[in-house]
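Chemist: What follows is my_file-v6.txt, made up of compact mmCIF, C-alpha atoms:
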# COMPACT_ATOMS: atom_id res chain seq x y z
CA MET Y 1 0.00 0.00 0.00
CA LYS Y 2 2.83 2.38 0.85
CA LYS Y 3 4.50 1.65 -2.48
CA LYS Y 4 1.24 2.35 -4.28
CA ILE Y 5 0.75 5.72 -2.55
CA THR Y 6 4.37 6.70 -3.27
CA ALA Y 7 3.98 5.93 -6.97
CA ILE Y 8 0.74 7.88 -7.19
CA THR Y 9 2.25 10.85 -5.37
CA LEU Y 10 5.31 10.94 -7.61
CA PHE Y 11 3.15 10.75 -10.71
CA ILE Y 12 0.93 13.64 -9.60
CA VAL Y 13 4.00 15.77 -8.82
CA MET Y 14 5.41 14.94 -12.24
CA LEU Y 15 2.22 16.03 -14.01
CA LEU Y 16 2.06 19.26 -12.05
CA SER Y 17 5.64 20.09 -13.00
CA LEU Y 18 4.91 19.18 -16.61
CA PHE Y 19 2.44 22.01 -17.09
CA THR Y 20 4.66 24.60 -15.43
CA GLY Y 21 7.86 23.64 -17.23
CA CYS Y 22 8.96 23.20 -20.80
CA VAL Y 23 11.27 21.38 -23.14
CA GLN Y 24 13.76 23.57 -24.99
CA ASN Y 25 15.10 22.82 -28.45
CA ASP Y 26 18.16 24.89 -29.38
CA ILE Y 27 19.33 24.29 -32.95
CA ASP Y 28 22.58 25.85 -34.18
CA ILE Y 29 23.40 25.64 -37.89
CA LYS Y 30 26.79 26.54 -39.34
CA MET Y 31 27.18 27.02 -43.09
CA ASN Y 32 30.71 26.95 -44.53
CA LYS Y 33 31.86 28.55 -47.79
CA ASN Y 34 32.72 25.17 -49.32
CA GLU Y 35 29.10 24.00 -48.88
CA THR Y 36 29.85 21.85 -45.87
CA GLY Y 37 28.57 22.59 -42.39
CA SER Y 38 27.45 21.35 -39.00
CA ILE Y 39 24.32 21.17 -36.87
CA SER Y 40 24.33 21.35 -33.09
CA ALA Y 41 21.08 20.38 -31.38
CA THR Y 42 20.42 20.77 -27.67
CA ILE Y 43 17.48 19.35 -25.74
CA GLY Y 44 16.84 20.95 -22.34
CA ILE Y 45 14.36 19.66 -19.77
CA GLU Y 46 13.36 21.66 -16.72
CA LYS Y 47 15.29 20.13 -13.83
CA SER Y 48 12.30 19.55 -11.52
CA PHE Y 49 10.50 17.54 -14.20
CA TYR Y 50 13.69 15.68 -15.06
CA GLU Y 51 14.25 14.70 -11.42
CA ASN Y 52 10.66 13.44 -11.15
CA LEU Y 53 11.15 11.34 -14.27
CA LYS Y 54 14.22 9.73 -12.73
CA GLN Y 55 12.38 9.02 -9.47
CA ILE Y 56 9.78 6.92 -11.27
CA GLY Y 57 12.47 5.04 -13.16
CA SER Y 58 12.89 6.97 -16.41
CA ASP Y 59 16.06 8.87 -17.30
CA PRO Y 60 15.88 10.17 -20.88
CA PHE Y 61 19.52 11.29 -20.64
CA GLU Y 62 20.80 7.96 -19.34
CA GLY Y 63 24.36 7.33 -20.48
CA LYS Y 64 24.73 10.79 -22.01
CA THR Y 65 26.87 13.75 -20.98
CA ILE Y 66 24.56 16.39 -19.54
CA THR Y 67 24.95 19.99 -18.40
CA GLU Y 68 22.83 22.41 -16.41
CA TYR Y 69 21.94 25.99 -17.29
CA THR Y 70 19.56 28.70 -16.09
CA TYR Y 71 16.85 30.23 -18.26
CA GLU Y 72 14.23 32.68 -16.98
CA ASP Y 73 14.96 31.79 -13.35
CA SER Y 74 14.53 28.06 -14.00
CA THR Y 75 17.25 25.41 -14.07
CA TYR Y 76 17.40 23.04 -17.03
CA VAL Y 77 19.24 19.78 -17.64
CA SER Y 78 20.42 19.45 -21.21
CA TYR Y 79 22.11 17.18 -23.72
CA THR Y 80 23.86 18.44 -26.87
CA GLU Y 81 24.62 16.53 -30.05
CA VAL Y 82 26.82 17.89 -32.87
CA LYS Y 83 27.23 16.43 -36.36
CA GLU Y 84 29.31 17.49 -39.35
CA TYR Y 85 27.97 17.32 -42.92
CA ASP Y 86 29.68 17.15 -46.30
CA SER Y 87 27.02 19.09 -48.19
CA TYR Y 88 24.15 21.50 -47.73
CA GLU Y 89 21.81 18.80 -49.02
CA GLU Y 90 22.77 16.50 -46.15
CA MET Y 91 22.07 19.33 -43.73
CA GLU Y 92 18.64 19.91 -45.27
CA ASN Y 93 17.74 16.23 -44.89
CA ALA Y 94 18.89 16.14 -41.27
CA LEU Y 95 16.84 19.21 -40.37
CA LEU Y 96 13.76 17.81 -42.09
CA GLU Y 97 14.00 14.66 -39.98
CA MET Y 98 14.23 16.47 -36.64
CA THR Y 99 11.14 16.16 -34.43
CA TYR Y 100 9.72 17.62 -31.26
CA GLU Y 101 10.60 15.28 -28.39
CA THR Y 102 7.01 14.58 -27.35
CA ASP Y 103 7.71 10.97 -26.34
CA ILE Y 104 8.41 11.76 -22.71
CA ILE Y 105 5.26 13.79 -22.23
CA GLU Y 106 3.06 11.33 -24.10
CA ASP Y 107 4.45 8.40 -22.13
CA ALA Y 108 3.81 10.28 -18.88
CA GLN Y 109 0.26 11.12 -19.87
CA SER Y 110 -0.48 7.54 -20.91
CA SER Y 111 -0.32 6.69 -17.20
CA LYS Y 112 -2.83 9.30 -16.06
CA ASP Y 113 -4.93 6.83 -14.07
CA PRO Y 114 -2.63 5.37 -11.39
CA GLU Y 115 -5.62 3.93 -9.48
CA GLN Y 116 -6.58 1.85 -12.48
CA ASN Y 117 -3.02 0.63 -12.90
CA ASN Y 118 -2.64 0.05 -9.15
CA GLY Y 119 0.53 2.05 -9.35
CA SER Y 120 2.35 -0.83 -10.98
CA GLU Y 121 2.44 0.30 -14.61
CA ILE Y 122 3.64 3.85 -14.08
CA GLU Y 123 7.31 2.96 -14.19
CA GLU Y 124 6.86 0.62 -17.11
CA LYS Y 125 5.11 3.18 -19.34
CA VAL Y 126 7.39 6.09 -18.69
CA SER Y 127 10.70 4.29 -18.56
CA ASP Y 128 12.61 2.00 -20.92
CA PRO Y 129 14.57 4.71 -22.76
CA SER Y 130 16.70 1.93 -24.24
CA SER Y 131 13.83 0.77 -26.45
CA GLU Y 132 14.17 3.88 -28.58
CA ASP Y 133 16.74 6.64 -28.20
CA VAL Y 134 14.37 9.58 -28.11
CA PHE Y 135 17.30 11.95 -27.98
CA ASP Y 136 19.02 10.87 -31.18
CA ILE Y 137 18.08 14.38 -32.22
CA ILE Y 138 20.13 14.69 -35.40
CA THR Y 139 20.06 12.10 -38.15
CA ASP Y 140 22.34 11.50 -41.11
CA GLY Y 141 19.69 12.23 -43.71
CA LYS Y 142 18.78 8.56 -43.94
CA ASP Y 143 15.33 7.00 -43.88
CA ILE Y 144 13.76 6.77 -40.44
CA ASP Y 145 12.97 3.31 -39.15
CA THR Y 146 9.22 3.27 -38.53
CA THR Y 147 8.99 -0.42 -37.67
CA ILE Y 148 6.00 -1.06 -35.42
CA ASP Y 149 6.00 -3.73 -32.74
CA SER Y 150 3.37 -6.34 -33.46
CA GLU Y 151 2.23 -6.12 -29.83
CA ASN Y 152 1.71 -2.36 -30.13
CA ASP Y 153 -1.74 -1.13 -31.04
CA SER Y 154 -0.33 1.80 -33.04
CA THR Y 155 -0.91 1.81 -36.77
CA VAL Y 156 0.86 3.41 -39.69
CA SER Y 157 -2.09 5.75 -40.19
CA ASP Y 158 -1.77 6.95 -36.58
CA LEU Y 159 1.87 7.83 -37.16
CA GLU Y 160 1.06 9.66 -40.38
CA GLU Y 161 -1.68 11.71 -38.71
CA LYS Y 162 0.63 12.87 -35.97
CA ASP Y 163 3.42 14.72 -37.74
CA ASN Y 164 5.71 16.19 -35.09
CA HIS Y 165 8.55 17.17 -37.42
CA ILE Y 166 9.95 20.61 -36.63
CA PHE Y 167 10.34 21.76 -40.25
CA SER Y 168 8.12 21.18 -43.27
CA SER Y 169 10.72 22.46 -45.75
CA VAL Y 170 14.38 23.53 -45.65
CA ASN Y 171 16.46 25.06 -48.43
CA ILE Y 172 20.16 25.92 -48.05
CA GLU Y 173 21.87 27.29 -51.15
CA LYS Y 174 25.04 28.83 -52.52
CA ASN Y 175 24.99 30.88 -55.73
CA SER Y 176 28.44 31.60 -57.11
CA GLY Y 177 29.52 34.46 -59.35
CA ILE Y 178 32.96 35.47 -60.61
CA PHE Y 179 33.60 38.09 -57.95
CA TYR Y 180 31.13 37.20 -55.21
CA SER Y 181 28.99 34.38 -53.84
CA SER Y 182 25.62 34.56 -52.11
CA TYR Y 183 24.33 32.16 -49.47
CA SER Y 184 20.74 31.69 -48.41
CA PHE Y 185 18.87 29.80 -45.71
CA ASN Y 186 15.13 29.30 -45.86
CA ALA Y 187 12.97 27.08 -43.69
CA ILE Y 188 9.26 26.78 -42.95
CA MET Y 189 8.12 25.54 -39.57
CA ASN Y 190 5.80 22.54 -39.51
CA SER Y 191 2.78 23.84 -37.60
CA GLN Y 192 1.66 21.74 -34.66
CA SER Y 193 -1.86 21.38 -33.28
CA ASN Y 194 -3.13 21.51 -29.70
CA GLU Y 195 -6.16 19.46 -30.71
CA GLY Y 196 -6.63 16.44 -28.46
CA LEU Y 197 -3.94 17.56 -26.01
CA ASP Y 198 -4.48 18.57 -22.41
CA TYR Y 199 -1.35 20.71 -22.37
CA ASP Y 200 -0.39 23.75 -24.44
CA LEU Y 201 2.39 23.11 -26.95
CA ASN Y 202 3.65 26.70 -26.82
CA GLU Y 203 3.90 26.51 -23.03
CA THR Y 204 5.71 23.19 -23.17
CA PHE Y 205 8.11 23.54 -26.13
CA LYS Y 206 10.47 26.46 -26.72
CA ILE Y 207 12.42 26.55 -30.00
CA THR Y 208 15.47 28.66 -30.78
CA LEU Y 209 17.25 28.47 -34.14
CA THR Y 210 20.62 30.10 -34.80
CA VAL Y 211 22.15 30.21 -38.28
CA GLU Y 212 25.82 31.09 -38.80
CA MET Y 213 26.56 32.06 -42.42
CA PRO Y 214 29.94 32.40 -44.20
CA ASP Y 215 29.83 36.21 -44.15
CA LYS Y 216 27.89 39.16 -42.76
CA ILE Y 217 24.14 38.67 -43.07
CA THR Y 218 22.58 41.23 -45.40
CA GLN Y 219 18.92 40.28 -45.06
CA SER Y 220 16.87 38.22 -42.61
CA ASN Y 221 13.54 38.08 -40.79
CA GLY Y 222 15.22 36.81 -37.63
CA SER Y 223 14.73 38.49 -34.27
CA LYS Y 224 18.44 39.15 -33.71
CA ILE Y 225 21.29 39.65 -36.21
CA ASP Y 226 24.90 39.77 -35.01
CA GLY Y 227 27.38 39.92 -37.89
CA ASN Y 228 27.21 36.58 -39.66
CA LYS Y 229 24.79 35.05 -37.12
CA VAL Y 230 21.02 35.34 -36.86
CA THR Y 231 18.75 33.98 -34.14
CA PHE Y 232 15.12 33.01 -34.54
CA ASN Y 233 13.04 32.69 -31.37
CA ILE Y 234 9.97 30.63 -32.24
CA ALA Y 235 7.13 31.89 -30.04
CA ASP Y 236 4.30 29.99 -31.73
CA ILE Y 237 4.92 26.47 -33.00
CA THR Y 238 1.28 26.14 -34.06
CA ALA Y 239 1.86 28.55 -36.97
CA ASN Y 240 3.54 28.08 -40.35
CA GLN Y 241 6.43 30.49 -39.95
CA GLU Y 242 9.06 31.20 -42.56
CA LEU Y 243 12.66 31.67 -41.41
CA SER Y 244 15.07 33.23 -43.89
CA ALA Y 245 18.55 34.73 -44.06
CA THR Y 246 20.89 35.81 -46.87
CA CYS Y 247 24.52 36.88 -47.03
CA GLU Y 248 26.94 37.87 -49.79
CA SER Y 249 30.63 37.04 -49.73
CA ASN Y 250 33.27 38.60 -51.97
CA ASN Y 251 35.59 36.14 -53.69
CA THR Y 252 38.66 37.98 -52.44
CA ALA Y 253 41.16 35.48 -53.81
CA ILE Y 254 39.75 35.78 -57.32
CA VAL Y 255 39.65 39.57 -57.14
CA ILE Y 256 43.27 39.70 -55.96
CA GLY Y 257 44.26 37.21 -58.66
CA VAL Y 258 42.62 39.30 -61.37
CA VAL Y 259 44.27 42.51 -60.10
CA VAL Y 260 47.69 40.85 -59.88
CA GLY Y 261 47.20 39.42 -63.35
CA LEU Y 262 46.35 42.83 -64.78
CA VAL Y 263 49.37 44.38 -63.07
CA ILE Y 264 51.65 41.70 -64.54
CA VAL Y 265 50.19 42.23 -68.01
CA LEU Y 266 50.60 46.03 -67.77
CA VAL Y 267 54.15 45.71 -66.49
CA GLY Y 268 54.94 43.25 -69.29
CA LEU Y 269 53.51 45.59 -71.92
CA ALA Y 270 55.48 48.52 -70.47
CA CYS Y 271 58.68 46.50 -70.55
CA LEU Y 272 57.97 45.36 -74.10
CA VAL Y 273 57.40 48.93 -75.32
CA LYS Y 274 60.56 50.11 -73.57
CA PHE Y 275 62.60 47.24 -75.05
CA LYS Y 276 61.41 48.03 -78.59
CA LYS Y 277 62.48 51.65 -78.18
Can I see the file as structure tokens?

Modeler:
Amino acid sequence: MKKKITAITLFIVMLLSLFTGCVQNDIDIKMNKNETGSISATIGIEKSFYENLKQIGSDPFEGKTITEYTYEDSTYVSYTEVKEYDSYEEMENALLEMTYETDIIEDAQSSKDPEQNNGSEIEEKVSDPSSEDVFDIITDGKDIDTTIDSENDSTVSDLEEKDNHIFSSVNIEKNSGIFYSSYSFNAIMNSQSNEGLDYDLNETFKITLTVEMPDKITQSNGSKIDGNKVTFNIADITANQELSATCESNNTAIVIGVVVGLVIVLVGLACLVKFKK
């Protein structure tokens, strides 16, 4: 009986902290001049909620290197993953495969009736992070394994209806000219719906996207531009928002080469004229 009461109490505390906390997704994109780049993705969970998850047997960061930070007077526990890419296309594919980490919240809410479960299934439904690494937050642009356990009641149509991808489209380009190159980043957020949920997505998930371009950014609809970096703070994930940035980079080496070449030609012509005289 004591064990049952303890499980119920922990579960109620966890749900209360769920609605007052949030999950933060910080995505940092770096674009290089040679069309390679990197993506750094950080998942932060409010510490109180994270501690409650561990108490009932579920540690989503198990086996990972975590750090703590403070945001708006709250302490968060976070995990960061960084991957390098050989092309802009690979980066586009990786971003398109990134999803909101709703697994933890959905697993917690699937155990809403501890009386019915006699307190015995709470740990089972929220734990077992080894069954699927919910924090493999960046992929290599490969197909996602959507294999469904035969014992699971979920269907392919259920998965299709619930699209929790962060982006619906991503385009990263380089346009080269003789004396300059332009770089552009454009992404459209995949709008989420609060329908059928008993928590508010905008209260639970906070998204920040930072794009570092090869040169000073000349145009963007981001909230903050600092040289060659722009930050987008996504306040409403239920809307289709467009995120864009552009920069132009002078091909200094080519310009210098052309100037040096012209100087050599002029000097050669001058010497030739002088020699003929």

Chemist: Determine the nearest neighbour of Gly227 of chain Y from the options Y:Asp73, Y:Glu101, Y:Asp215, Y:Glu68, counting all atoms listed in the file.

Modeler: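 Using all atoms listed in the file, the shortest distance to Gly227 of chain Y belongs to Y:Asp215.
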
Chemist: What does the distance from atom CA of Tyr180 of chain Y to atom CA of Ser249 of chain Y come to in Å, to one decimal?

Modeler: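 These two atoms are separated by 5.5 Å.
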
Chemist: Anything within 10 Å of (22.0, 26.4, -35.5): list those residues as an mmCIF file with C-alpha atoms, keeping the file's coordinate frame, counting only C-alpha atoms and sticking to the file's coordinates.

Modeler:
data_model
loop_
_atom_site.group_PDB
_atom_site.id
_atom_site.type_symbol
_atom_site.label_atom_id
_atom_site.label_comp_id
_atom_site.auth_asym_id
_atom_site.auth_seq_id
_atom_site.Cartn_x
_atom_site.Cartn_y
_atom_site.Cartn_z
ATOM 1 C CA ASP Y 26 18.160 24.890 -29.380
ATOM 2 C CA ILE Y 27 19.330 24.290 -32.950
ATOM 3 C CA ASP Y 28 22.580 25.850 -34.180
ATOM 4 C CA ILE Y 29 23.400 25.640 -37.890
ATOM 5 C CA LYS Y 30 26.790 26.540 -39.340
ATOM 6 C CA MET Y 31 27.180 27.020 -43.090
ATOM 7 C CA SER Y 38 27.450 21.350 -39.000
ATOM 8 C CA ILE Y 39 24.320 21.170 -36.870
ATOM 9 C CA SER Y 40 24.330 21.350 -33.090
ATOM 10 C CA ALA Y 41 21.080 20.380 -31.380
ATOM 11 C CA THR Y 42 20.420 20.770 -27.670
ATOM 12 C CA THR Y 208 15.470 28.660 -30.780
ATOM 13 C CA LEU Y 209 17.250 28.470 -34.140
ATOM 14 C CA THR Y 210 20.620 30.100 -34.800
ATOM 15 C CA VAL Y 211 22.150 30.210 -38.280
ATOM 16 C CA GLU Y 212 25.820 31.090 -38.800
ATOM 17 C CA LYS Y 229 24.790 35.050 -37.120
ATOM 18 C CA VAL Y 230 21.020 35.340 -36.860
ATOM 19 C CA THR Y 231 18.750 33.980 -34.140
ATOM 20 C CA PHE Y 232 15.120 33.010 -34.540
#

Chemist: Could you tell me how far atom CA of Ile207 of chain Y sits from atom CA of Gln241 of chain Y, in Å to one decimal place?

Modeler: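 Here the two named atoms are 12.3 Å from each other.
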
Chemist: Using Å and a single decimal, report how far atom CA of Lys206 of chain Y sits from atom CA of Asn164 of chain Y.

Modeler: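 That distance, rounded to one decimal, is 14.1 Å.
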
Chemist: Would you please work out which residue, of Y:Met98, Y:Cys247, Y:Leu201, Y:Ile66, is nearest to Glu173 of chain Y when using all atoms listed in the file?

Modeler: Y:Cys247

Chemist: Under the rule that only C-alpha atoms are counted, which of Y:Thr99, Y:Thr218, Y:Asn228, Y:Ser191 is the nearest residue to His165 of chain Y?

Modeler: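 That would be Y:Thr99, the residue with the smallest distance to His165 of chain Y.
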
Chemist: Env of Asn202 of chain Y: 8 Å cut, atoms = all atoms listed in the file, seq-sep filter 6 positions within chain, self excluded. Answer as number ranges by chain.

Modeler: Y: 235-238

Chemist: Using only C-alpha atoms - which residues lie no farther than 6 Å from the point (13.7, 20.1, -40.6) in the file's frame? Write them as a PyMOL selection string.

Modeler: chain Y and resi 95-98+166-167

Chemist: What does the file look like for those residues with C-alpha atoms, as a CSV table (one decimal), in the frame of the given file?

Modeler:
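File selection20.csv, as written:
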chain,number,residue,atom,x,y,z
Y,95,LEU,CA,16.8,19.2,-40.4
Y,96,LEU,CA,13.8,17.8,-42.1
Y,97,GLU,CA,14.0,14.7,-40.0
Y,98,MET,CA,14.2,16.5,-36.6
Y,166,ILE,CA,10.0,20.6,-36.6
Y,167,PHE,CA,10.3,21.8,-40.2

Chemist: In terms of the shortest atom-to-atom distance over only C-alpha atoms, which of Y:Gly44, Y:Ile105, Y:Lys162, Y:Leu243 is closest to Asp198 of chain Y?

Modeler: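 For Asp198 of chain Y, the nearest of the given residues is Y:Ile105.
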